[in-house]
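So the structure is just underneath, and the comments pick up after that.
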Amino acid sequence: MLQAETEKKVLLEVQGLKKYFPVKGLGMFGGTQQYVKAVDDVSFTLYEGETFGLVGESGCGKSTTGRTIMRLTEPTEGKAVYRNVDIFGQSGKQLRKTREEIQMVFQDPYSSLNPRKRIGSTLQEPLIVHKLGQRKDHTERVMDIMQKVGLQLDHFYRFPHEFSGGQRQRIGLARALIANPKLIICDEPVSALDVSIQSQIVNLLQRMQKEFNLTYLFIAHDISVVRHISDRIGVMYLGKMVETAPTDNLIGKPLHPYTQALLSAVPMPNPRIKRERITLKGEIPSPLNPPSGCVFHTRCPFVMDKCKTVQPLNKEVGQDHFVACHLYD
Amino acid sequence: MSREKLLEVKNLKTHFNTENGRVTAVDDVSFHVDKGEILGIVGESGCGKSVTSQSILRLFDEKYLVKYEGEVLFKGDIDLLKLSKSEMRHARGNEISMIFQDPLSSLNPVLTIGFQIAEALMLHEKITKEAAFEQAIEMLKLTGIPSPEKRVHDYPHQLSGGMRQRVMIAMSLACKPRLLIADEPTTALDVTIQSQILDLIEDINKRFDMGVIFITHDLGVVAGLCDRVVVMYLGQIVEEADILNLFENPMHPYTKGLIKSIPHMDGDRKEELHVISGTVPSLENVPVGCRFAERCQFADELCQSKMPDLRVVGEGQKVRCWHAEKIAEQEEAPVYVTS
């Protein structure tokens with residue numbers, strides 16, 4: 001196991017990613033332009049063939065991180081090095097080539113499918129856009145992928161509204177797979193689904209990963225799902241990455257007080273476990289005006305004076321286990 | 001052991017008139033809630049759990065849309081389905097109140113939250129506006145809202161999701177109801193906020209000895225909160241059990257499947273998740289036999305042709321399955337390793 005880890009190949013390296021959204025309307029008398037710091041100096045690495053889970057509560061910037069890597073929104077600062085090339089410096093043809101290799105699966109497959117297009121032609125589109133293969137082979141390629149994700153061949157001529165939520169997510173995955181990507185960014189792919197359908201899609205994602213040697217960036221708020229699918233997990237809070245670690249380390253020995261609270265709040269489907277919940281005071285502060293020092297200090301049960309002024313740095317405290325907290329200085 | 005029954009639903013059926021004819025969203029549902037008990041209703045989307053709860057309060061348009069059958073007995077002898085409009089209006093909010101999934105759409109955006117809580121009080125009790133506001137502040141304090149004296153003058157958009165849900169709870173508690181119906185109250189909230197709200201519901205349940213019907217799709221939430229659980233599938237109850245039996249000795253194949261298909265925090269990550277094949281059939285063409293038959297791995301001819309009744313299989317446990325005992329012998333109940 002250890003040996004395999006040293007041989008891991010880096011596929012994508014995100015360095016110091018920042019995404020600030022300017023807030024419109026300065027008021028009558030001008031003033032300084034304010035920014036919502038949706039993602040603030042986030043770094044992480046994706047290794048080939050692994051799944052990196054990104055968890056956090058709403059507004060923590062996990063989805064923005066995924067969308068910025070795809071350049072669906074432009075980054076403010078930072079680098080995303082994909083196979084030795086910075087995606088943020090690319091444009092035109094190069095960017096299109098990168099986007100062929102990095103695909104995305106969204107939370108709501110219904111709003112990401114064109115309601116007026118038959119599934120077959122929706123699925124063919126990536127092949128046309130990226131000029132993959134011969135036109136006459138397209139149908140066959142689409143049928144092939146449809147079968148792989150568990151759709152029937154007669155679904156080719158149907159419209160999105162004729163499908164259930166689970167099947168639409170299969171279509172969403174098929175659309176991502178068709179261009180033969182290396183990396184798929186899954187943004188809450190199972191959050192909108194019922195439990196019995198959710199497990200079908202999670203299994204399908206894992207099977208496809210094995211078959212096509214895919215790398216996943218798996219963004220979700222449901223920690224038990226993320227734990228199940230991920231090799232490593234990053235925890236975000238208010239635009240910052242507070243802890244990154246291999247899954248079993250993070251779940252078994254969470255170090256950051258936020259991670260500890262988050263894990264203790266996950267409802268366990270076992271009535272005999274009465275968990276000692278670490279209830280956090282208050283709510284997530286506004287990203288428009290984040291707290292000074294450590295962003296978590298307003299809710300942290302272990303807060304020290306230092307936390308209020310000095311921003312903690314991301315330190316490696318164990319094998320591949322990074323945490324940004326003054327408790328571990 | 002026998003506690004006082006607060007609400008008893010007997011053979012409730014809720015029919016909807018749709019363009020494609022009549023659809024029975026709740027089909028012959030019977031259950032009861034005791035005083036001071038938290039009953040969970042679990043099921044996936046479209047199983048009729050929300051329609052059941054809204055039928056109890058008769059929230060649907062009875063003139064055109066909906067037709068009820070059966071009885072909903074409150075405090076033993078009051079049949080809610082037979083009450084007149086004004087009697088029903090008196091019961092709602094006063095005796096039975098409800099909180100919903102999305103607090104923003106159930107709060108009036110142009111009125112302060114203080115007024116909205118006071119309004120409920122002024123409707124049901126003869127008190128002055130000042131006294132009502134006084135009590136509103138009291139209620140907000142009870143639900144753990146910081147500096148309630150200032151917050152009463154806030155509008156819903158000034159509050160976060162968790163705060164709004166607290167306001168909804170404060171409002172529903174204002175008249176000290178005997179029964180609180182909570183329809184997925186934490187689904188839209190983040191986990192850390194969810195745990196705050198669950199603590200709050202548990203606390204008020206104990207403090208006021210209030211009955212609670214908690215509707216959710218999340219088995220994890222059920223495990224930590226409920227005393228007894230009803231599992232619904234396609235408009236019917238398929239299993240009823242107390243909380244320990246539900247997780248340790250589930251009898252219906254659907255219940256078993258649900259429990260197995262959620263990823264456990266201590267489960268084996270290398271293993272694939274359990275899958276219930278297929279999807280829920282449409283209410284417009286429900287199967288003749290057992291409604292779960294086409295997704296059930298144990299289904300045989302009997303299941304396809306004849307619908308099983310909800311029958312008693314043990315202390316406080318009921319199941320709607322022909323072969324529950326046989327299946328239980330064949331496979332072991334899921335085993336939990338407590339970490």
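Naming scheme: A, B, ... for chains in displayed order of the structure tokens; residues 1 onward per chain; ligands 1 onward as shown.
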For chain B, report every residue with an atom at most 6 Å from chain A (counting only C-alpha atoms), formatted as number ranges by chain. B: 44, 190-192, 195, 219-221, 223-224, 261, 263, 265, 269, 272-273, 275-276
Neighbour list for range 164-179 of chain B as a list in words, cut-off 7 Å, only C-alpha atoms, skip fewer than 6 positions in-chain: Gly93, Asn94, Glu95, Ile96, Ser97, Met98, Ile99, Pro103, Leu104, Ile117, Leu121, Met139, Leu140, Thr143, Pro156, Met210, Gly211 and Val212 of chain B
Counting only C-alpha atoms, which residues in range 18-123 of chain A sit no more than 6 Å from range 154-158 of chain A? For each one, give the nearest pair of atoms and the distance in Å, sorted by chain then residue number, as CSV.
```
residue,atom,partner,partner_atom,distance
A:Arg118,CA,A:Arg158,CA,5.2
A:Ile119,CA,A:Phe156,CA,5.4
A:Gly120,CA,A:Phe156,CA,4.4
```
Suppose you want the space between CA of Val317 in chain A and CA of Val39 in chain A; what is it in Å?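 Between CA of Val317 in chain A and CA of Val39 in chain A the gap is 23.4 Å.
A straight line drawn from CA of His297 in chain A to CA of Lys240 in chain A is 13.0 Å long.
From CA of Ile237 in chain B back to CA of Val319 in chain B, the distance works out to 8.2 Å.
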Could you name the residues that touch Ser286 in chain A at 10 Å or less, counting only C-alpha atoms, but leaving out those on the same chain fewer than 4 positions away, as a ChimeraX atom specification? /A:36-37,59,238,290-291
Nearby residues (only C-alpha atoms) at most 6 Å from Ile102 in chain A, same-chain spacing under 5 positions excluded, as a list in words: Pro181, Leu183 and Ile184 of chain A
Mind dumping the selected residues with N, CA and C atoms as a PDB file, in the first residue's frame?
```
ATOM      1  N   PRO A 181     -13.041  11.078 -20.942  1.00  0.00           N
ATOM      2  CA  PRO A 181     -12.277  12.009 -20.111  1.00  0.00           C
ATOM      3  C   PRO A 181     -11.299  11.285 -19.186  1.00  0.00           C
ATOM      4  N   LEU A 183     -10.588  13.043 -16.117  1.00  0.00           N
ATOM      5  CA  LEU A 183     -11.023  13.542 -14.813  1.00  0.00           C
ATOM      6  C   LEU A 183     -12.486  13.957 -14.896  1.00  0.00           C
ATOM      7  N   ILE A 184     -13.274  13.518 -13.917  1.00  0.00           N
ATOM      8  CA  ILE A 184     -14.661  13.971 -13.866  1.00  0.00           C
ATOM      9  C   ILE A 184     -14.890  14.711 -12.555  1.00  0.00           C
TER      10      ILE A 184
END
```
Would you mind writing down, as an MDAnalysis selection string, each residue of range 193-276 of chain B that DSSP on the backbone assigns to strand (DSSP E)? chainID B and resid 211:216 228:233 236:242
Got time to write the residues from that selection, N, CA, C and O atoms, as a PDB file, in the first residue's frame?
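Produced file again09.pdb, reproduced below:
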```
ATOM      1  N   GLY B 211     -46.745  15.295  21.503  1.00  0.00           N
ATOM      2  CA  GLY B 211     -46.578  14.262  20.486  1.00  0.00           C
ATOM      3  C   GLY B 211     -45.965  14.868  19.229  1.00  0.00           C
ATOM      4  O   GLY B 211     -46.260  16.009  18.885  1.00  0.00           O
ATOM      5  N   VAL B 212     -45.090  14.125  18.567  1.00  0.00           N
ATOM      6  CA  VAL B 212     -44.468  14.640  17.354  1.00  0.00           C
ATOM      7  C   VAL B 212     -44.566  13.592  16.252  1.00  0.00           C
ATOM      8  O   VAL B 212     -44.307  12.413  16.484  1.00  0.00           O
ATOM      9  N   ILE B 213     -45.006  14.022  15.067  1.00  0.00           N
ATOM     10  CA  ILE B 213     -44.890  13.162  13.888  1.00  0.00           C
ATOM     11  C   ILE B 213     -43.755  13.741  13.063  1.00  0.00           C
ATOM     12  O   ILE B 213     -43.809  14.895  12.634  1.00  0.00           O
ATOM     13  N   PHE B 214     -42.693  12.964  12.882  1.00  0.00           N
ATOM     14  CA  PHE B 214     -41.506  13.461  12.196  1.00  0.00           C
ATOM     15  C   PHE B 214     -41.376  12.748  10.859  1.00  0.00           C
ATOM     16  O   PHE B 214     -41.163  11.539  10.810  1.00  0.00           O
ATOM     17  N   ILE B 215     -41.542  13.502   9.791  1.00  0.00           N
ATOM     18  CA  ILE B 215     -41.505  12.907   8.458  1.00  0.00           C
ATOM     19  C   ILE B 215     -40.141  13.154   7.834  1.00  0.00           C
ATOM     20  O   ILE B 215     -39.663  14.278   7.805  1.00  0.00           O
ATOM     21  N   THR B 216     -39.519  12.102   7.330  1.00  0.00           N
ATOM     22  CA  THR B 216     -38.184  12.278   6.757  1.00  0.00           C
ATOM     23  C   THR B 216     -37.859  11.126   5.818  1.00  0.00           C
ATOM     24  O   THR B 216     -38.520  10.101   5.801  1.00  0.00           O
ATOM     25  N   ARG B 228     -40.734   5.361  17.576  1.00  0.00           N
ATOM     26  CA  ARG B 228     -41.391   4.352  16.764  1.00  0.00           C
ATOM     27  C   ARG B 228     -41.385   4.846  15.325  1.00  0.00           C
ATOM     28  O   ARG B 228     -41.358   6.046  15.086  1.00  0.00           O
ATOM     29  N   VAL B 229     -41.440   3.921  14.375  1.00  0.00           N
ATOM     30  CA  VAL B 229     -41.330   4.329  12.982  1.00  0.00           C
ATOM     31  C   VAL B 229     -42.347   3.596  12.111  1.00  0.00           C
ATOM     32  O   VAL B 229     -42.634   2.423  12.336  1.00  0.00           O
ATOM     33  N   VAL B 230     -42.886   4.337  11.153  1.00  0.00           N
ATOM     34  CA  VAL B 230     -43.761   3.760  10.142  1.00  0.00           C
ATOM     35  C   VAL B 230     -43.040   3.930   8.806  1.00  0.00           C
ATOM     36  O   VAL B 230     -42.570   5.019   8.499  1.00  0.00           O
ATOM     37  N   VAL B 231     -42.900   2.838   8.050  1.00  0.00           N
ATOM     38  CA  VAL B 231     -42.240   2.926   6.750  1.00  0.00           C
ATOM     39  C   VAL B 231     -43.304   2.879   5.666  1.00  0.00           C
ATOM     40  O   VAL B 231     -44.158   1.993   5.666  1.00  0.00           O
ATOM     41  N   MET B 232     -43.266   3.833   4.763  1.00  0.00           N
ATOM     42  CA  MET B 232     -44.273   3.871   3.698  1.00  0.00           C
ATOM     43  C   MET B 232     -43.661   3.593   2.335  1.00  0.00           C
ATOM     44  O   MET B 232     -42.509   3.927   2.070  1.00  0.00           O
ATOM     45  N   TYR B 233     -44.458   2.963   1.493  1.00  0.00           N
ATOM     46  CA  TYR B 233     -44.040   2.718   0.112  1.00  0.00           C
ATOM     47  C   TYR B 233     -45.264   2.822  -0.784  1.00  0.00           C
ATOM     48  O   TYR B 233     -46.252   2.122  -0.558  1.00  0.00           O
ATOM     49  N   GLN B 236     -48.764   3.177   0.889  1.00  0.00           N
ATOM     50  CA  GLN B 236     -49.151   2.236   1.941  1.00  0.00           C
ATOM     51  C   GLN B 236     -48.085   2.145   3.017  1.00  0.00           C
ATOM     52  O   GLN B 236     -46.919   2.408   2.770  1.00  0.00           O
ATOM     53  N   ILE B 237     -48.529   1.717   4.204  1.00  0.00           N
ATOM     54  CA  ILE B 237     -47.547   1.395   5.235  1.00  0.00           C
ATOM     55  C   ILE B 237     -47.070  -0.026   4.967  1.00  0.00           C
ATOM     56  O   ILE B 237     -47.879  -0.936   4.815  1.00  0.00           O
ATOM     57  N   VAL B 238     -45.762  -0.215   4.875  1.00  0.00           N
ATOM     58  CA  VAL B 238     -45.254  -1.570   4.676  1.00  0.00           C
ATOM     59  C   VAL B 238     -44.699  -2.161   5.960  1.00  0.00           C
ATOM     60  O   VAL B 238     -44.633  -3.369   6.114  1.00  0.00           O
ATOM     61  N   GLU B 239     -44.288  -1.278   6.875  1.00  0.00           N
ATOM     62  CA  GLU B 239     -43.803  -1.804   8.145  1.00  0.00           C
ATOM     63  C   GLU B 239     -43.965  -0.767   9.245  1.00  0.00           C
ATOM     64  O   GLU B 239     -43.844   0.434   9.017  1.00  0.00           O
ATOM     65  N   GLU B 240     -44.256  -1.278  10.441  1.00  0.00           N
ATOM     66  CA  GLU B 240     -44.323  -0.409  11.609  1.00  0.00           C
ATOM     67  C   GLU B 240     -43.551  -1.121  12.713  1.00  0.00           C
ATOM     68  O   GLU B 240     -43.759  -2.309  12.946  1.00  0.00           O
ATOM     69  N   ALA B 241     -42.662  -0.403  13.379  1.00  0.00           N
ATOM     70  CA  ALA B 241     -41.863  -1.056  14.420  1.00  0.00           C
ATOM     71  C   ALA B 241     -41.293  -0.014  15.359  1.00  0.00           C
ATOM     72  O   ALA B 241     -41.210   1.165  15.007  1.00  0.00           O
ATOM     73  N   ASP B 242     -40.896  -0.444  16.558  1.00  0.00           N
ATOM     74  CA  ASP B 242     -40.193   0.506  17.404  1.00  0.00           C
ATOM     75  C   ASP B 242     -38.769   0.637  16.875  1.00  0.00           C
ATOM     76  O   ASP B 242     -38.310  -0.169  16.065  1.00  0.00           O
TER      77      ASP B 242
END
```
Picked from range 113-268 of chain B by DSSP as helix (DSSP H, G or I), as a VMD selection string: chain B and resid 113 to 124 129 to 142 148 to 151 156 to 158 161 to 173 191 to 208 219 to 225 243 to 248 253 to 261
Those same residues - C-alpha atoms - I'd like them written as an mmCIF file, in the first residue's frame.
```cif
data_model
loop_
_atom_site.group_PDB
_atom_site.id
_atom_site.type_symbol
_atom_site.label_atom_id
_atom_site.label_comp_id
_atom_site.auth_asym_id
_atom_site.auth_seq_id
_atom_site.Cartn_x
_atom_site.Cartn_y
_atom_site.Cartn_z
ATOM 1 C CA ILE B 113 -41.357 37.514 12.464
ATOM 2 C CA GLY B 114 -42.581 38.909 15.769
ATOM 3 C CA PHE B 115 -45.888 39.869 14.214
ATOM 4 C CA GLN B 116 -46.257 36.479 12.559
ATOM 5 C CA ILE B 117 -45.807 34.658 15.845
ATOM 6 C CA ALA B 118 -48.055 37.097 17.711
ATOM 7 C CA GLU B 119 -50.700 36.738 15.008
ATOM 8 C CA ALA B 120 -51.124 33.052 15.785
ATOM 9 C CA LEU B 121 -51.561 33.879 19.460
ATOM 10 C CA MET B 122 -54.069 36.663 18.825
ATOM 11 C CA LEU B 123 -56.122 34.377 16.572
ATOM 12 C CA HIS B 124 -56.445 31.593 19.080
ATOM 13 C CA LYS B 129 -51.136 42.816 20.962
ATOM 14 C CA GLU B 130 -48.580 43.803 23.581
ATOM 15 C CA ALA B 131 -49.031 40.584 25.511
ATOM 16 C CA ALA B 132 -48.808 38.585 22.299
ATOM 17 C CA PHE B 133 -45.501 40.241 21.383
ATOM 18 C CA GLU B 134 -44.280 39.584 24.871
ATOM 19 C CA GLN B 135 -45.033 35.893 24.395
ATOM 20 C CA ALA B 136 -43.500 35.913 20.928
ATOM 21 C CA ILE B 137 -40.210 37.039 22.461
ATOM 22 C CA GLU B 138 -40.606 34.286 25.044
ATOM 23 C CA MET B 139 -41.083 31.708 22.269
ATOM 24 C CA LEU B 140 -38.065 32.944 20.335
ATOM 25 C CA LYS B 141 -35.984 32.683 23.482
ATOM 26 C CA LEU B 142 -37.221 29.137 23.984
ATOM 27 C CA PRO B 148 -34.933 37.807 20.744
ATOM 28 C CA GLU B 149 -35.964 41.339 21.769
ATOM 29 C CA LYS B 150 -34.222 42.664 18.692
ATOM 30 C CA ARG B 151 -35.044 39.750 16.428
ATOM 31 C CA PRO B 156 -37.610 36.598 7.276
ATOM 32 C CA HIS B 157 -34.983 37.548 4.659
ATOM 33 C CA GLN B 158 -32.703 38.877 7.397
ATOM 34 C CA GLY B 161 -32.033 29.021 7.108
ATOM 35 C CA GLY B 162 -31.521 27.564 10.561
ATOM 36 C CA MET B 163 -32.878 30.718 12.239
ATOM 37 C CA ARG B 164 -35.936 30.683 9.990
ATOM 38 C CA GLN B 165 -36.651 27.112 10.967
ATOM 39 C CA ARG B 166 -36.377 28.149 14.624
ATOM 40 C CA VAL B 167 -38.891 30.908 13.943
ATOM 41 C CA MET B 168 -41.228 28.357 12.351
ATOM 42 C CA ILE B 169 -40.883 26.158 15.407
ATOM 43 C CA ALA B 170 -41.476 29.125 17.720
ATOM 44 C CA MET B 171 -44.604 29.959 15.758
ATOM 45 C CA SER B 172 -45.891 26.418 15.824
ATOM 46 C CA LEU B 173 -45.300 26.196 19.569
ATOM 47 C CA VAL B 191 -25.625 18.975 9.110
ATOM 48 C CA THR B 192 -24.339 21.137 11.944
ATOM 49 C CA ILE B 193 -27.513 23.247 11.837
ATOM 50 C CA GLN B 194 -29.604 20.096 11.454
ATOM 51 C CA SER B 195 -28.225 18.718 14.694
ATOM 52 C CA GLN B 196 -29.134 21.971 16.480
ATOM 53 C CA ILE B 197 -32.725 21.762 15.219
ATOM 54 C CA LEU B 198 -33.034 18.055 16.099
ATOM 55 C CA ASP B 199 -31.833 18.810 19.629
ATOM 56 C CA LEU B 200 -34.453 21.538 19.836
ATOM 57 C CA ILE B 201 -37.292 19.272 18.694
ATOM 58 C CA GLU B 202 -36.235 16.576 21.145
ATOM 59 C CA ASP B 203 -36.082 19.162 23.911
ATOM 60 C CA ILE B 204 -39.555 20.606 23.347
ATOM 61 C CA ASN B 205 -40.986 17.110 22.968
ATOM 62 C CA LYS B 206 -39.725 16.252 26.452
ATOM 63 C CA ARG B 207 -40.478 19.591 28.034
ATOM 64 C CA PHE B 208 -44.109 19.876 26.939
ATOM 65 C CA LEU B 219 -32.811 6.945 8.313
ATOM 66 C CA GLY B 220 -29.901 8.416 10.229
ATOM 67 C CA VAL B 221 -32.087 11.198 11.598
ATOM 68 C CA VAL B 222 -34.816 8.692 12.488
ATOM 69 C CA ALA B 223 -32.381 6.506 14.430
ATOM 70 C CA GLY B 224 -31.323 9.349 16.665
ATOM 71 C CA LEU B 225 -34.712 10.908 17.299
ATOM 72 C CA ILE B 243 -36.847 2.053 16.690
ATOM 73 C CA LEU B 244 -34.642 -0.822 17.832
ATOM 74 C CA ASN B 245 -36.603 -3.475 15.973
ATOM 75 C CA LEU B 246 -36.656 -1.397 12.831
ATOM 76 C CA PHE B 247 -32.886 -1.327 12.599
ATOM 77 C CA GLU B 248 -32.036 -4.652 14.193
ATOM 78 C CA PRO B 253 -37.677 -6.533 2.212
ATOM 79 C CA TYR B 254 -38.076 -2.832 1.396
ATOM 80 C CA THR B 255 -37.085 -1.735 4.903
ATOM 81 C CA LYS B 256 -34.132 -4.097 4.804
ATOM 82 C CA GLY B 257 -33.090 -2.761 1.421
ATOM 83 C CA LEU B 258 -33.310 0.846 2.563
ATOM 84 C CA ILE B 259 -31.184 0.234 5.631
ATOM 85 C CA LYS B 260 -28.578 -1.668 3.657
ATOM 86 C CA SER B 261 -28.327 0.800 0.801
#
```
What lies within 8 Å of range 68-72 of chain A using only C-alpha atoms, ignoring chain neighbours under 2 positions off, as a list in words? Lys19, Thr64, Thr65, Gly66, Glu74, Pro75, Ala80, Ile87, Phe88, Arg99, Ile102 and Gln103 of chain A
Nearest candidate to Asp41 in chain A (options A:Gln311, A:Asn84, A:Gln319, A:Thr98; using only C-alpha atoms): A:Gln311
Min atom-atom distance to Glu87 in chain B from the set B:Leu57, B:Val29, B:Cys303, B:Val66, counting only C-alpha atoms, belongs to B:Leu57
Hey, what's within 12 Å of Thr139 in chain A if we count only C-alpha atoms and toss same-chain stuff fewer than 6 positions away? As a CSV table (one decimal) with N, CA, C and O atoms, in the first residue's frame, please?
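This went into part_13.csv:
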```
chain,number,residue,atom,x,y,z
A,119,ILE,N,-32.3,12.2,-26.1
A,119,ILE,CA,-31.1,11.8,-25.4
A,119,ILE,C,-29.9,11.5,-26.3
A,119,ILE,O,-28.8,11.9,-26.1
A,120,GLY,N,-30.3,10.8,-27.4
A,120,GLY,CA,-29.3,10.4,-28.4
A,120,GLY,C,-28.5,11.5,-28.9
A,120,GLY,O,-27.2,11.5,-28.9
A,121,SER,N,-29.2,12.6,-29.3
A,121,SER,CA,-28.4,13.7,-29.9
A,121,SER,C,-27.7,14.5,-28.8
A,121,SER,O,-26.6,15.1,-29.1
A,122,THR,N,-28.3,14.6,-27.6
A,122,THR,CA,-27.5,15.2,-26.5
A,122,THR,C,-26.2,14.5,-26.3
A,122,THR,O,-25.2,15.1,-26.1
A,123,LEU,N,-26.3,13.2,-26.3
A,123,LEU,CA,-25.1,12.4,-26.0
A,123,LEU,C,-24.0,12.5,-27.2
A,123,LEU,O,-22.8,12.3,-27.0
A,124,GLN,N,-24.5,12.7,-28.4
A,124,GLN,CA,-23.6,12.8,-29.5
A,124,GLN,C,-22.9,14.1,-29.5
A,124,GLN,O,-21.8,14.2,-30.1
A,125,GLU,N,-23.5,15.1,-28.9
A,125,GLU,CA,-22.9,16.5,-29.0
A,125,GLU,C,-21.4,16.6,-28.7
A,125,GLU,O,-20.7,17.2,-29.4
A,127,LEU,N,-19.1,14.5,-29.0
A,127,LEU,CA,-18.3,13.9,-30.0
A,127,LEU,C,-18.2,14.9,-31.2
A,127,LEU,O,-17.1,15.0,-31.8
A,128,ILE,N,-19.3,15.6,-31.5
A,128,ILE,CA,-19.2,16.6,-32.6
A,128,ILE,C,-18.4,17.8,-32.2
A,128,ILE,O,-17.5,18.2,-32.9
A,133,GLY,N,-13.8,10.9,-33.6
A,133,GLY,CA,-14.3,9.8,-34.4
A,133,GLY,C,-15.0,10.2,-35.7
A,133,GLY,O,-15.2,11.4,-35.9
A,145,ILE,N,-22.0,3.5,-24.8
A,145,ILE,CA,-21.9,4.2,-23.5
A,145,ILE,C,-23.3,4.1,-22.7
A,145,ILE,O,-23.3,3.8,-21.5
A,146,MET,N,-24.4,4.2,-23.5
A,146,MET,CA,-25.7,4.1,-22.8
A,146,MET,C,-25.8,2.7,-22.1
A,146,MET,O,-26.3,2.6,-21.0
A,153,LEU,N,-31.4,0.7,-24.9
A,153,LEU,CA,-31.1,1.3,-26.2
A,153,LEU,C,-32.3,2.1,-26.8
A,153,LEU,O,-32.1,3.1,-27.5
A,156,PHE,N,-32.6,6.0,-26.6
A,156,PHE,CA,-31.9,6.9,-27.5
A,156,PHE,C,-32.8,8.0,-28.1
A,156,PHE,O,-32.4,9.2,-28.3
A,157,TYR,N,-34.1,7.6,-28.3
A,157,TYR,CA,-35.0,8.6,-29.0
A,157,TYR,C,-35.9,9.3,-28.0
A,157,TYR,O,-36.9,9.9,-28.4
A,178,ILE,N,-18.7,10.2,-22.5
A,178,ILE,CA,-18.6,9.9,-24.0
A,178,ILE,C,-17.4,10.5,-24.6
A,178,ILE,O,-16.9,9.9,-25.6
```
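Proximity of B:Val312, B:Ala324, B:Val72, B:Met307 to Thr52 in chain B, computed with only C-alpha atoms, is greatest for B:Val72.
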So, with only C-alpha atoms as the atoms that count, which of A:Ser112, A:Gln34, A:Ser63, A:Thr76 lies closest to Lys18 in chain A? A:Thr76
Which neighbours of Leu234 in chain B fall inside 10 Å, counting only C-alpha atoms, when residues of the same chain fewer than 4 positions from it are skipped, and could you give them as a list of chain:residue names? B:Thr24, B:Ala25, B:Val26, B:Asp27, B:Gly43, B:Glu44, B:Ser45, B:Gly46, B:Cys47, B:Gly48, B:Lys49, B:Val238, B:Val280, B:Pro281, B:Ser282, B:Leu283, B:Val286, B:Arg291, B:Phe292
Export, as an mmCIF file, in the first residue's frame, the selected residues with C-alpha atoms.
```cif
data_model
loop_
_atom_site.group_PDB
_atom_site.id
_atom_site.type_symbol
_atom_site.label_atom_id
_atom_site.label_comp_id
_atom_site.auth_asym_id
_atom_site.auth_seq_id
_atom_site.Cartn_x
_atom_site.Cartn_y
_atom_site.Cartn_z
ATOM 1 C CA THR B 24 -55.039 7.401 -4.476
ATOM 2 C CA ALA B 25 -51.922 8.888 -2.911
ATOM 3 C CA VAL B 26 -52.595 7.495 0.562
ATOM 4 C CA ASP B 27 -54.178 4.094 0.531
ATOM 5 C CA GLY B 43 -40.157 6.737 2.841
ATOM 6 C CA GLU B 44 -38.810 7.919 -0.482
ATOM 7 C CA SER B 45 -40.298 10.680 -2.590
ATOM 8 C CA GLY B 46 -43.804 9.865 -3.765
ATOM 9 C CA CYS B 47 -44.548 7.343 -1.022
ATOM 10 C CA GLY B 48 -47.316 9.484 0.442
ATOM 11 C CA LYS B 49 -45.665 10.504 3.691
ATOM 12 C CA VAL B 238 -45.254 -1.570 4.676
ATOM 13 C CA VAL B 280 -40.910 3.244 -7.657
ATOM 14 C CA PRO B 281 -43.884 2.591 -9.977
ATOM 15 C CA SER B 282 -46.261 5.417 -10.814
ATOM 16 C CA LEU B 283 -49.333 5.959 -8.637
ATOM 17 C CA VAL B 286 -50.186 0.593 -9.080
ATOM 18 C CA ARG B 291 -46.696 -2.987 -4.497
ATOM 19 C CA PHE B 292 -43.074 -3.766 -3.884
#
```
